[in-house]
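Peer 1: Input run.txt, format and content: compact mmCIF, C-alpha atoms.
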# COMPACT_ATOMS: atom_id res chain seq x y z
CA MET A 1 -59.62 69.61 63.06
CA THR A 2 -61.81 71.52 60.59
CA ASP A 3 -60.95 70.77 57.00
CA ILE A 4 -57.93 72.75 55.93
CA GLU A 5 -59.53 73.96 52.69
CA THR A 6 -62.43 75.51 54.58
CA ARG A 7 -60.02 77.17 57.01
CA LEU A 8 -58.02 78.60 54.14
CA ARG A 9 -61.16 80.02 52.55
CA GLU A 10 -62.41 81.48 55.80
CA MET A 11 -59.12 82.91 56.97
CA GLN A 12 -59.59 86.45 58.25
CA LEU A 13 -57.40 88.58 56.02
CA GLN A 14 -58.74 92.09 55.86
CA PRO A 15 -57.07 94.58 53.51
CA PRO A 16 -56.12 97.95 54.98
CA ARG A 17 -58.91 100.50 54.62
CA ASP A 18 -56.85 102.85 52.49
CA LEU A 19 -55.58 100.20 50.06
CA GLN A 20 -57.89 101.26 47.23
CA ALA A 21 -57.12 104.94 47.70
CA ARG A 22 -53.39 104.26 47.78
CA ALA A 23 -53.51 102.14 44.62
CA LEU A 24 -55.57 104.75 42.78
CA ALA A 25 -53.25 107.56 43.87
CA ALA A 26 -50.16 105.56 42.88
CA ALA A 27 -51.61 104.77 39.46
CA ALA A 28 -52.50 108.42 38.91
CA SER A 29 -49.01 109.67 39.73
CA PRO A 30 -46.21 109.61 37.11
CA ARG A 31 -44.52 106.26 36.83
CA ALA A 32 -41.33 106.06 38.84
CA GLU A 33 -38.98 103.28 37.89
CA PRO A 34 -35.79 104.11 39.78
CA GLY A 35 -33.93 101.04 38.53
CA ARG A 36 -34.38 101.96 34.89
CA ARG A 37 -33.46 105.60 35.46
CA ILE A 38 -30.36 104.89 37.47
CA LEU A 39 -28.92 102.37 35.03
CA PRO A 40 -27.94 104.83 32.24
CA VAL A 41 -26.50 107.22 34.81
CA VAL A 42 -24.36 104.45 36.29
CA LEU A 43 -23.20 103.37 32.82
CA VAL A 44 -22.26 106.94 31.88
CA ALA A 45 -20.41 107.36 35.19
CA ILE A 46 -18.45 104.14 34.61
CA LEU A 47 -17.55 105.15 31.05
CA THR A 48 -16.49 108.62 32.19
CA ALA A 49 -14.31 107.16 34.94
CA LEU A 50 -12.72 104.75 32.47
CA LEU A 51 -12.04 107.51 29.96
CA ALA A 52 -10.63 109.79 32.65
CA GLY A 53 -8.31 107.07 33.93
CA TYR A 54 -7.33 106.18 30.42
CA GLY A 55 -6.58 109.82 29.56
CA ALA A 56 -4.52 110.24 32.73
CA LEU A 57 -2.48 107.18 31.84
CA ALA A 58 -1.97 108.46 28.32
CA PHE A 59 -0.68 111.82 29.52
CA THR A 60 1.77 110.18 31.89
CA ASN A 61 3.03 108.00 29.06
CA VAL A 62 3.79 110.69 26.49
CA PRO A 63 7.07 109.71 24.77
CA PRO A 64 10.07 111.96 25.27
CA ALA A 65 10.11 114.98 22.95
CA ALA A 66 13.46 113.85 21.56
CA ALA A 67 11.93 110.62 20.32
CA ALA A 68 9.19 112.41 18.37
CA GLY A 69 11.44 115.20 17.16
CA THR A 70 14.40 113.24 15.86
CA GLY A 71 14.34 109.58 15.16
CA GLY A 72 10.60 108.60 15.50
CA TYR A 73 9.18 106.01 17.90
CA GLY A 74 10.36 102.59 18.85
CA VAL A 75 7.98 99.68 18.37
CA GLY A 76 5.09 100.29 20.74
CA GLU A 77 6.65 103.41 22.12
CA GLY A 78 4.12 106.26 22.30
CA CYS A 79 1.49 104.33 20.33
CA TRP A 80 -2.04 103.24 21.25
CA PHE A 81 -2.08 100.26 18.93
CA VAL A 82 1.06 98.30 18.36
CA ARG A 83 1.88 95.64 15.82
CA ASP A 84 4.93 93.58 16.59
CA VAL A 85 5.95 89.96 16.24
CA ASP A 86 2.97 88.93 18.44
CA GLY A 87 0.50 90.73 16.13
CA LEU A 88 -1.71 93.79 16.67
CA HIS A 89 -2.51 94.66 20.27
CA PHE A 90 -3.48 97.57 22.48
CA HIS A 91 -0.89 99.56 24.36
CA VAL A 92 -1.28 102.69 26.48
CA GLY A 93 0.17 105.23 24.09
CA GLY A 94 0.96 108.90 23.71
CA TRP A 95 0.23 111.84 21.44
CA TYR A 96 1.48 112.88 18.05
CA HIS A 97 0.80 116.44 16.85
CA GLY A 98 -1.91 116.77 19.50
CA LEU A 99 -3.74 113.58 18.44
CA PRO A 100 -3.60 110.07 19.85
CA ALA A 101 -0.71 108.28 18.19
CA LEU A 102 -2.61 105.43 16.52
CA CYS A 103 0.56 104.11 14.95
CA THR A 104 1.17 100.41 14.64
CA SER A 105 4.70 99.49 13.66
CA GLU A 106 6.99 102.51 13.69
CA ARG A 107 10.56 102.02 14.62
CA ARG A 108 12.85 104.50 16.27
CA ASP A 109 14.81 104.92 13.09
CA SER A 110 11.74 105.49 10.87
CA ALA A 111 9.52 108.55 10.50
CA PRO A 112 6.34 108.49 12.60
CA GLY A 113 3.13 107.84 10.65
CA ARG A 114 -0.27 106.20 10.74
CA MET B 1 -55.30 112.46 36.21
CA GLY B 2 -52.81 112.31 33.38
CA GLN B 3 -53.58 108.83 32.08
CA PRO B 4 -56.54 106.72 31.08
CA LEU B 5 -58.04 104.83 33.98
CA SER B 6 -60.73 102.95 32.13
CA ASN B 7 -60.98 100.67 29.15
CA THR B 8 -63.38 102.34 26.78
CA GLY B 9 -63.82 99.14 24.77
CA ASN B 10 -65.48 97.43 27.69
CA PRO B 11 -69.27 97.49 27.48
CA PHE B 12 -69.74 97.80 31.24
CA GLU B 13 -66.99 100.46 31.49
CA LEU B 14 -64.68 98.93 34.04
CA THR B 15 -63.13 101.96 35.69
CA ALA B 16 -60.15 101.96 38.05
CA GLU B 17 -62.49 102.60 40.97
CA VAL B 18 -64.72 99.65 40.05
CA LEU B 19 -61.68 97.43 39.57
CA CYS B 20 -60.36 98.35 43.01
CA ALA B 21 -63.72 98.01 44.73
CA ARG B 22 -64.37 94.64 43.13
CA TYR B 23 -60.97 93.00 43.48
CA SER B 24 -58.94 94.67 46.24
CA GLY B 25 -60.15 92.22 48.91
CA ARG B 26 -59.17 89.14 46.92
CA VAL B 27 -55.92 90.70 45.74
CA TYR B 28 -55.03 91.40 49.36
CA ARG B 29 -55.91 87.84 50.47
CA PHE B 30 -53.67 86.49 47.72
CA ALA B 31 -50.90 88.92 48.68
CA ALA B 32 -51.15 88.02 52.37
CA MET B 33 -50.63 84.34 51.56
CA VAL B 34 -47.66 84.74 49.24
CA SER B 35 -45.85 87.46 51.20
CA THR B 36 -43.66 86.91 54.22
CA SER B 37 -45.25 89.68 56.34
CA SER B 38 -48.37 91.85 56.51
CA HIS B 39 -46.31 94.86 55.52
CA ASP B 40 -45.04 93.12 52.39
CA ALA B 41 -48.58 91.96 51.64
CA GLU B 42 -49.87 95.54 51.71
CA ASP B 43 -47.08 96.68 49.42
CA LEU B 44 -47.70 93.81 47.02
CA ALA B 45 -51.47 94.35 46.93
CA GLN B 46 -50.99 98.05 46.24
CA THR B 47 -48.40 97.43 43.52
CA ALA B 48 -50.54 94.76 41.86
CA LEU B 49 -53.62 96.98 41.85
CA GLU B 50 -51.58 99.91 40.57
CA ARG B 51 -50.23 97.82 37.69
CA ALA B 52 -53.72 96.58 36.86
CA ILE B 53 -55.09 100.14 36.83
CA ARG B 54 -52.26 101.29 34.57
CA ALA B 55 -52.89 98.38 32.20
CA LEU B 56 -56.68 98.76 32.29
CA ALA B 57 -56.79 100.86 29.12
CA ARG B 58 -55.09 98.01 27.26
CA PHE B 59 -57.45 95.30 28.51
CA ASP B 60 -59.31 93.77 25.59
CA PRO B 61 -62.38 91.67 26.54
CA GLN B 62 -62.20 90.00 23.12
CA ARG B 63 -58.91 88.36 24.06
CA GLY B 64 -59.96 86.89 27.40
CA ASP B 65 -61.89 87.50 30.56
CA ILE B 66 -60.99 90.02 33.21
CA GLU B 67 -60.13 87.34 35.80
CA GLY B 68 -57.40 85.74 33.70
CA TRP B 69 -56.00 89.14 32.72
CA LEU B 70 -56.01 90.53 36.27
CA TRP B 71 -54.51 87.51 38.02
CA ARG B 72 -51.71 87.27 35.53
CA ILE B 73 -50.77 90.87 36.39
CA VAL B 74 -51.08 90.12 40.11
CA ALA B 75 -48.99 86.94 39.84
CA ASN B 76 -46.28 88.80 37.87
CA ALA B 77 -46.22 91.53 40.53
CA ALA B 78 -45.84 88.81 43.19
CA GLY B 79 -42.95 87.24 41.25
CA ASP B 80 -41.18 90.59 40.99
CA ALA B 81 -41.76 91.30 44.68
CA HIS B 82 -40.47 87.85 45.62
CA ARG B 83 -37.25 88.39 43.66
CA GLY B 84 -36.80 91.85 45.18
CA ALA B 85 -37.44 90.52 48.69
CA ARG B 86 -34.88 87.76 48.18
CA ARG B 87 -32.21 90.28 47.18
CA GLN B 88 -33.13 92.42 50.19
CA ARG B 89 -33.01 89.41 52.52
CA LEU B 90 -29.53 88.48 51.32
CA LEU B 91 -28.41 92.03 52.00
CA VAL B 92 -29.96 92.05 55.46
CA GLN B 93 -28.32 88.72 56.29
CA LEU B 94 -24.99 90.32 55.64
CA LEU B 95 -25.72 93.00 58.21
CA VAL B 96 -27.83 91.27 60.87
CA ARG B 97 -27.49 87.84 62.43
CA ARG B 98 -30.39 85.50 61.81
CA ALA B 99 -30.66 84.63 65.47
CA ASP B 100 -31.28 88.25 66.38
CA ARG B 101 -34.04 88.52 63.81
CA ARG B 102 -35.77 85.36 65.04
CA ALA B 103 -35.71 86.66 68.60
CA HIS B 104 -37.80 89.66 67.53
CA GLN B 105 -40.48 87.65 65.72
CA ALA B 106 -43.51 86.94 67.89
CA PRO B 107 -44.85 83.37 67.57
CA PRO B 108 -48.30 83.05 65.97
CA ASP B 109 -51.10 82.49 68.49
CA THR B 110 -54.46 82.15 66.67
CA PHE B 111 -55.17 79.24 64.36
CA ASP B 112 -55.40 81.59 61.36
CA GLU B 113 -51.95 82.97 62.16
CA VAL B 114 -50.54 79.45 62.51
CA LEU B 115 -52.12 78.46 59.20
CA LEU B 116 -50.96 81.61 57.44
CA SER B 117 -47.47 81.09 58.77
CA ALA B 118 -47.51 77.50 57.45
CA VAL B 119 -48.75 78.69 54.03
CA ARG B 120 -45.92 81.23 53.89
CA ARG B 121 -43.39 78.45 54.48
CA LEU B 122 -44.58 76.43 51.48
CA PRO B 123 -42.35 76.26 48.40
CA SER B 124 -43.06 79.29 46.19
CA ARG B 125 -44.97 77.39 43.47
CA GLN B 126 -47.24 75.61 45.95
CA ARG B 127 -47.72 78.85 47.87
CA ALA B 128 -48.78 80.69 44.71
CA ALA B 129 -51.23 77.93 43.82
CA ILE B 130 -52.78 77.92 47.31
CA ALA B 131 -52.98 81.72 47.34
CA LEU B 132 -54.70 81.81 43.96
CA ARG B 133 -57.10 78.97 44.79
CA TYR B 134 -58.09 79.92 48.35
CA GLY B 135 -56.94 83.52 48.70
CA ALA B 136 -58.14 84.79 45.33
CA ASP B 137 -60.89 82.13 45.21
CA LEU B 138 -60.16 81.11 41.61
CA ASP B 139 -61.17 77.88 39.90
CA LEU B 140 -58.53 75.31 38.94
CA GLN B 141 -58.57 76.36 35.30
CA THR B 142 -57.79 80.01 36.05
CA VAL B 143 -55.14 79.06 38.61
CA GLY B 144 -53.51 76.83 35.98
CA ALA B 145 -53.70 79.52 33.30
CA THR B 146 -52.13 82.06 35.67
CA LEU B 147 -49.27 79.72 36.60
CA ASP B 148 -48.91 78.24 33.10
CA VAL B 149 -49.72 74.76 34.38
CA SER B 150 -52.33 72.27 33.12
CA VAL B 151 -55.47 71.73 35.16
CA ALA B 152 -54.22 68.28 36.20
CA GLY B 153 -50.85 69.74 37.18
CA THR B 154 -52.55 72.49 39.17
CA SER B 155 -54.72 69.98 40.96
CA MET B 156 -51.65 67.93 41.90
CA LEU B 157 -49.75 71.04 43.01
CA ILE B 158 -52.60 72.06 45.31
CA ARG B 159 -53.08 68.54 46.65
CA ARG B 160 -49.40 68.33 47.58
CA ALA B 161 -49.52 71.75 49.23
CA LEU B 162 -52.61 70.78 51.25
CA ASN B 163 -50.99 67.52 52.35
CA ARG B 164 -47.93 69.44 53.44
CA LEU B 165 -50.05 71.93 55.38
CA ARG B 166 -52.02 69.13 57.07
CA ALA B 167 -48.82 67.35 58.06
CA GLU B 168 -47.25 70.51 59.45
CA LEU B 169 -50.34 71.56 61.40
CA SER B 170 -50.91 68.12 62.91
CA GLN B 171 -47.25 68.05 63.91
CA GLN B 172 -47.70 71.40 65.66
CA GLU B 173 -50.88 70.18 67.40
CA GLU B 174 -49.02 67.20 68.80
CA GLN B 175 -46.39 69.42 70.34
CA PRO B 176 -47.20 70.56 73.93
Turn this file's structure into structure tokens for me.
Peer 2:
Amino acid sequence: MTDIETRLREMQLQPPRDLQARALAAAASPRAEPGRRILPVVLVAILTALLAGYGALAFTNVPPAAAAGTGGYGVGEGCWFVRDVDGLHFHVGGWYHGLPALCTSERRDSAPGR
Amino acid sequence: MGQPLSNTGNPFELTAEVLCARYSGRVYRFAAMVSTSSHDAEDLAQTALERAIRALARFDPQRGDIEGWLWRIVANAAGDAHRGARRQRLLVQLLVRRADRRAHQAPPDTFDEVLLSAVRRLPSRQRAAIALRYGADLDLQTVGATLDVSVAGTSMLIRRALNRLRAELSQQEEQP
């Protein structure tokens, strides 16, 4: 058998005739990096979907009008952030005067506040 | 053309055309050895040359020679292509059975095809070293610099790859 190194050097591997032209044309065209362009779009789409779902949940969890109008909220009721005996934590909340109710520790018998 | 295709700092004005004319053959030989098919090799050679042309304006002869600069770009392009191909292969395996794919691959018939097929089955590091040494026709020092390996390490890597190739080819010769 002929020495393997010689065979490797003499291996017939001809490039396609249009390789140079293709490389030159590709380099002259604007850079297209689909991965990098798609990534922000995907991130924005995910964030939008999360916000939409979150908003839908919030609207379906609006506290009864009687609760806001008369005696205030119970602990965690209608609030986005709740502080109770377990500490501060997130809770799908509702709306207070058209704004998210970012209350933390209101009780039903106290006036709603921030 | 909307971008610079030559490095004005270079005394012999290495243009994109000169770069392609001078190196496309060796870049393709390297690509053919590290890729799994001729189609992939063409894609890799084109991508590597394209990257080199785009980077040509930034090439500084004061910081190193053109060979070291070029083959680093080519090797990086090969690494990216290899990672992309692996992801693609995993996806294909989910859709198509391996046995079906093997049935459609024609066995190599000439010695060059047998040898190329054996090179393509080498572990990726050994394959890259062989492709740089015998495909791109680089010396041990440049191969080592491209792969971030010492000259002694490169020599050992190539020796192991050659031994593996010899063993595989003699095994195939013994088979009827």
Peer 1: When you look at range 133-144 of chain B with a cut-off of 6 Å (counting all atoms listed in the file), what residues show up, excluding the ones that are within fewer than 4 positions of it in the same chain? I need them as a short mmCIF file (atom, residue, chain, number, x, y, z; two decimals) with C-alpha atoms, in the coordinates of the input.
Peer 2:
data_model
loop_
_atom_site.label_atom_id
_atom_site.label_comp_id
_atom_site.auth_asym_id
_atom_site.auth_seq_id
_atom_site.Cartn_x
_atom_site.Cartn_y
_atom_site.Cartn_z
CA LEU A 8 -58.02 78.60 54.14
CA ARG A 9 -61.16 80.02 52.55
CA ARG B 26 -59.17 89.14 46.92
CA ARG B 29 -55.91 87.84 50.47
CA PHE B 30 -53.67 86.49 47.72
CA ASP B 148 -48.91 78.24 33.10
CA VAL B 149 -49.72 74.76 34.38
CA SER B 150 -52.33 72.27 33.12
CA VAL B 151 -55.47 71.73 35.16
CA THR B 154 -52.55 72.49 39.17
#
Peer 1: If we count all atoms listed in the file, which residues of chain B reach to within 10 Å of chain A? Please list them as a ChimeraX atom specification.
Peer 2: /B:1-5,16-17,19-21,23-33,38,41-43,45-55,111-113,115-116,119,130-131,133-137,162-163,165-166,169-170,173
Peer 1: Quick one, how far is CA of Val114 in chain B from CA of Glu168 in chain B?
Peer 2: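 According to the coordinates, CA of Val114 in chain B and CA of Glu168 in chain B are separated by 10.0 Å.
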Peer 1: Provide the CA of Arg121 in chain B to CA of His82 in chain B distance in Å, to one decimal place.
Peer 2: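 So the answer is 13.2 Å.
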Peer 1: For a test of reading the model, state the distance in Å between CA of Val44 in chain A and CA of Phe90 in chain A, rounded to one decimal.
Peer 2: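 Separation between CA of Val44 in chain A and CA of Phe90 in chain A: 23.0 Å.
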Peer 1: Report, as AutoDock Vina command-line options, the axis-aligned box around all atoms of range 63-73 of chain B present in the file, extended by 6 Å on each side; give centre and edge lengths in Å to one decimal place.
Peer 2:
--center_x -56.3 --center_y 88.3 --center_z 31.0 --size_x 23.1 --size_y 17.1 --size_z 26.0
Peer 1: Could range 56-74 of chain B be completed with N, CA, C and O atoms and written as a PDB file, keeping the file's coordinate frame, please?
Peer 2:
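Ended up saving to result_25.pdb:
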ATOM      1  N   LEU B  56     -55.241  98.900  32.553  1.00  0.00           N
ATOM      2  CA  LEU B  56     -56.680  98.760  32.290  1.00  0.00           C
ATOM      3  C   LEU B  56     -57.068  99.237  30.888  1.00  0.00           C
ATOM      4  O   LEU B  56     -57.904  98.617  30.227  1.00  0.00           O
ATOM      5  N   ALA B  57     -56.452 100.310  30.435  1.00  0.00           N
ATOM      6  CA  ALA B  57     -56.790 100.860  29.120  1.00  0.00           C
ATOM      7  C   ALA B  57     -56.449  99.873  28.000  1.00  0.00           C
ATOM      8  O   ALA B  57     -57.013  99.946  26.911  1.00  0.00           O
ATOM      9  N   ARG B  58     -55.505  98.970  28.296  1.00  0.00           N
ATOM     10  CA  ARG B  58     -55.090  98.010  27.260  1.00  0.00           C
ATOM     11  C   ARG B  58     -55.854  96.690  27.353  1.00  0.00           C
ATOM     12  O   ARG B  58     -55.647  95.808  26.535  1.00  0.00           O
ATOM     13  N   PHE B  59     -56.706  96.549  28.363  1.00  0.00           N
ATOM     14  CA  PHE B  59     -57.450  95.300  28.510  1.00  0.00           C
ATOM     15  C   PHE B  59     -58.471  95.162  27.384  1.00  0.00           C
ATOM     16  O   PHE B  59     -59.257  96.059  27.137  1.00  0.00           O
ATOM     17  N   ASP B  60     -58.411  94.015  26.711  1.00  0.00           N
ATOM     18  CA  ASP B  60     -59.310  93.770  25.590  1.00  0.00           C
ATOM     19  C   ASP B  60     -60.195  92.565  25.930  1.00  0.00           C
ATOM     20  O   ASP B  60     -59.710  91.426  25.961  1.00  0.00           O
ATOM     21  N   PRO B  61     -61.489  92.782  26.170  1.00  0.00           N
ATOM     22  CA  PRO B  61     -62.380  91.670  26.540  1.00  0.00           C
ATOM     23  C   PRO B  61     -62.472  90.591  25.460  1.00  0.00           C
ATOM     24  O   PRO B  61     -62.818  89.455  25.759  1.00  0.00           O
ATOM     25  N   GLN B  62     -62.140  90.982  24.217  1.00  0.00           N
ATOM     26  CA  GLN B  62     -62.200  90.000  23.120  1.00  0.00           C
ATOM     27  C   GLN B  62     -61.128  88.915  23.296  1.00  0.00           C
ATOM     28  O   GLN B  62     -61.266  87.804  22.808  1.00  0.00           O
ATOM     29  N   ARG B  63     -60.045  89.280  23.962  1.00  0.00           N
ATOM     30  CA  ARG B  63     -58.910  88.360  24.060  1.00  0.00           C
ATOM     31  C   ARG B  63     -58.951  87.479  25.317  1.00  0.00           C
ATOM     32  O   ARG B  63     -58.106  86.614  25.494  1.00  0.00           O
ATOM     33  N   GLY B  64     -59.866  87.732  26.189  1.00  0.00           N
ATOM     34  CA  GLY B  64     -59.960  86.890  27.400  1.00  0.00           C
ATOM     35  C   GLY B  64     -60.735  87.622  28.473  1.00  0.00           C
ATOM     36  O   GLY B  64     -61.016  88.818  28.348  1.00  0.00           O
ATOM     37  N   ASP B  65     -61.090  86.884  29.507  1.00  0.00           N
ATOM     38  CA  ASP B  65     -61.890  87.500  30.560  1.00  0.00           C
ATOM     39  C   ASP B  65     -61.009  88.283  31.535  1.00  0.00           C
ATOM     40  O   ASP B  65     -59.791  88.133  31.562  1.00  0.00           O
ATOM     41  N   ILE B  66     -61.695  89.117  32.298  1.00  0.00           N
ATOM     42  CA  ILE B  66     -60.990  90.020  33.210  1.00  0.00           C
ATOM     43  C   ILE B  66     -60.230  89.247  34.297  1.00  0.00           C
ATOM     44  O   ILE B  66     -59.139  89.646  34.703  1.00  0.00           O
ATOM     45  N   GLU B  67     -60.781  88.114  34.727  1.00  0.00           N
ATOM     46  CA  GLU B  67     -60.130  87.340  35.800  1.00  0.00           C
ATOM     47  C   GLU B  67     -58.743  86.867  35.360  1.00  0.00           C
ATOM     48  O   GLU B  67     -57.767  87.052  36.082  1.00  0.00           O
ATOM     49  N   GLY B  68     -58.682  86.249  34.196  1.00  0.00           N
ATOM     50  CA  GLY B  68     -57.400  85.740  33.700  1.00  0.00           C
ATOM     51  C   GLY B  68     -56.389  86.859  33.529  1.00  0.00           C
ATOM     52  O   GLY B  68     -55.219  86.747  33.929  1.00  0.00           O
ATOM     53  N   TRP B  69     -56.857  87.972  32.966  1.00  0.00           N
ATOM     54  CA  TRP B  69     -56.000  89.140  32.720  1.00  0.00           C
ATOM     55  C   TRP B  69     -55.472  89.706  34.037  1.00  0.00           C
ATOM     56  O   TRP B  69     -54.285  89.927  34.203  1.00  0.00           O
ATOM     57  N   LEU B  70     -56.386  89.906  34.991  1.00  0.00           N
ATOM     58  CA  LEU B  70     -56.010  90.530  36.270  1.00  0.00           C
ATOM     59  C   LEU B  70     -55.034  89.652  37.054  1.00  0.00           C
ATOM     60  O   LEU B  70     -54.005  90.136  37.547  1.00  0.00           O
ATOM     61  N   TRP B  71     -55.333  88.358  37.157  1.00  0.00           N
ATOM     62  CA  TRP B  71     -54.510  87.510  38.020  1.00  0.00           C
ATOM     63  C   TRP B  71     -53.138  87.240  37.436  1.00  0.00           C
ATOM     64  O   TRP B  71     -52.188  86.940  38.160  1.00  0.00           O
ATOM     65  N   ARG B  72     -53.035  87.366  36.126  1.00  0.00           N
ATOM     66  CA  ARG B  72     -51.710  87.270  35.530  1.00  0.00           C
ATOM     67  C   ARG B  72     -50.856  88.475  35.963  1.00  0.00           C
ATOM     68  O   ARG B  72     -49.684  88.344  36.297  1.00  0.00           O
ATOM     69  N   ILE B  73     -51.466  89.650  35.943  1.00  0.00           N
ATOM     70  CA  ILE B  73     -50.770  90.870  36.390  1.00  0.00           C
ATOM     71  C   ILE B  73     -50.374  90.732  37.865  1.00  0.00           C
ATOM     72  O   ILE B  73     -49.246  91.025  38.261  1.00  0.00           O
ATOM     73  N   VAL B  74     -51.338  90.251  38.670  1.00  0.00           N
ATOM     74  CA  VAL B  74     -51.080  90.120  40.110  1.00  0.00           C
ATOM     75  C   VAL B  74     -49.959  89.101  40.362  1.00  0.00           C
ATOM     76  O   VAL B  74     -49.059  89.338  41.171  1.00  0.00           O
TER      77      VAL B  74
END
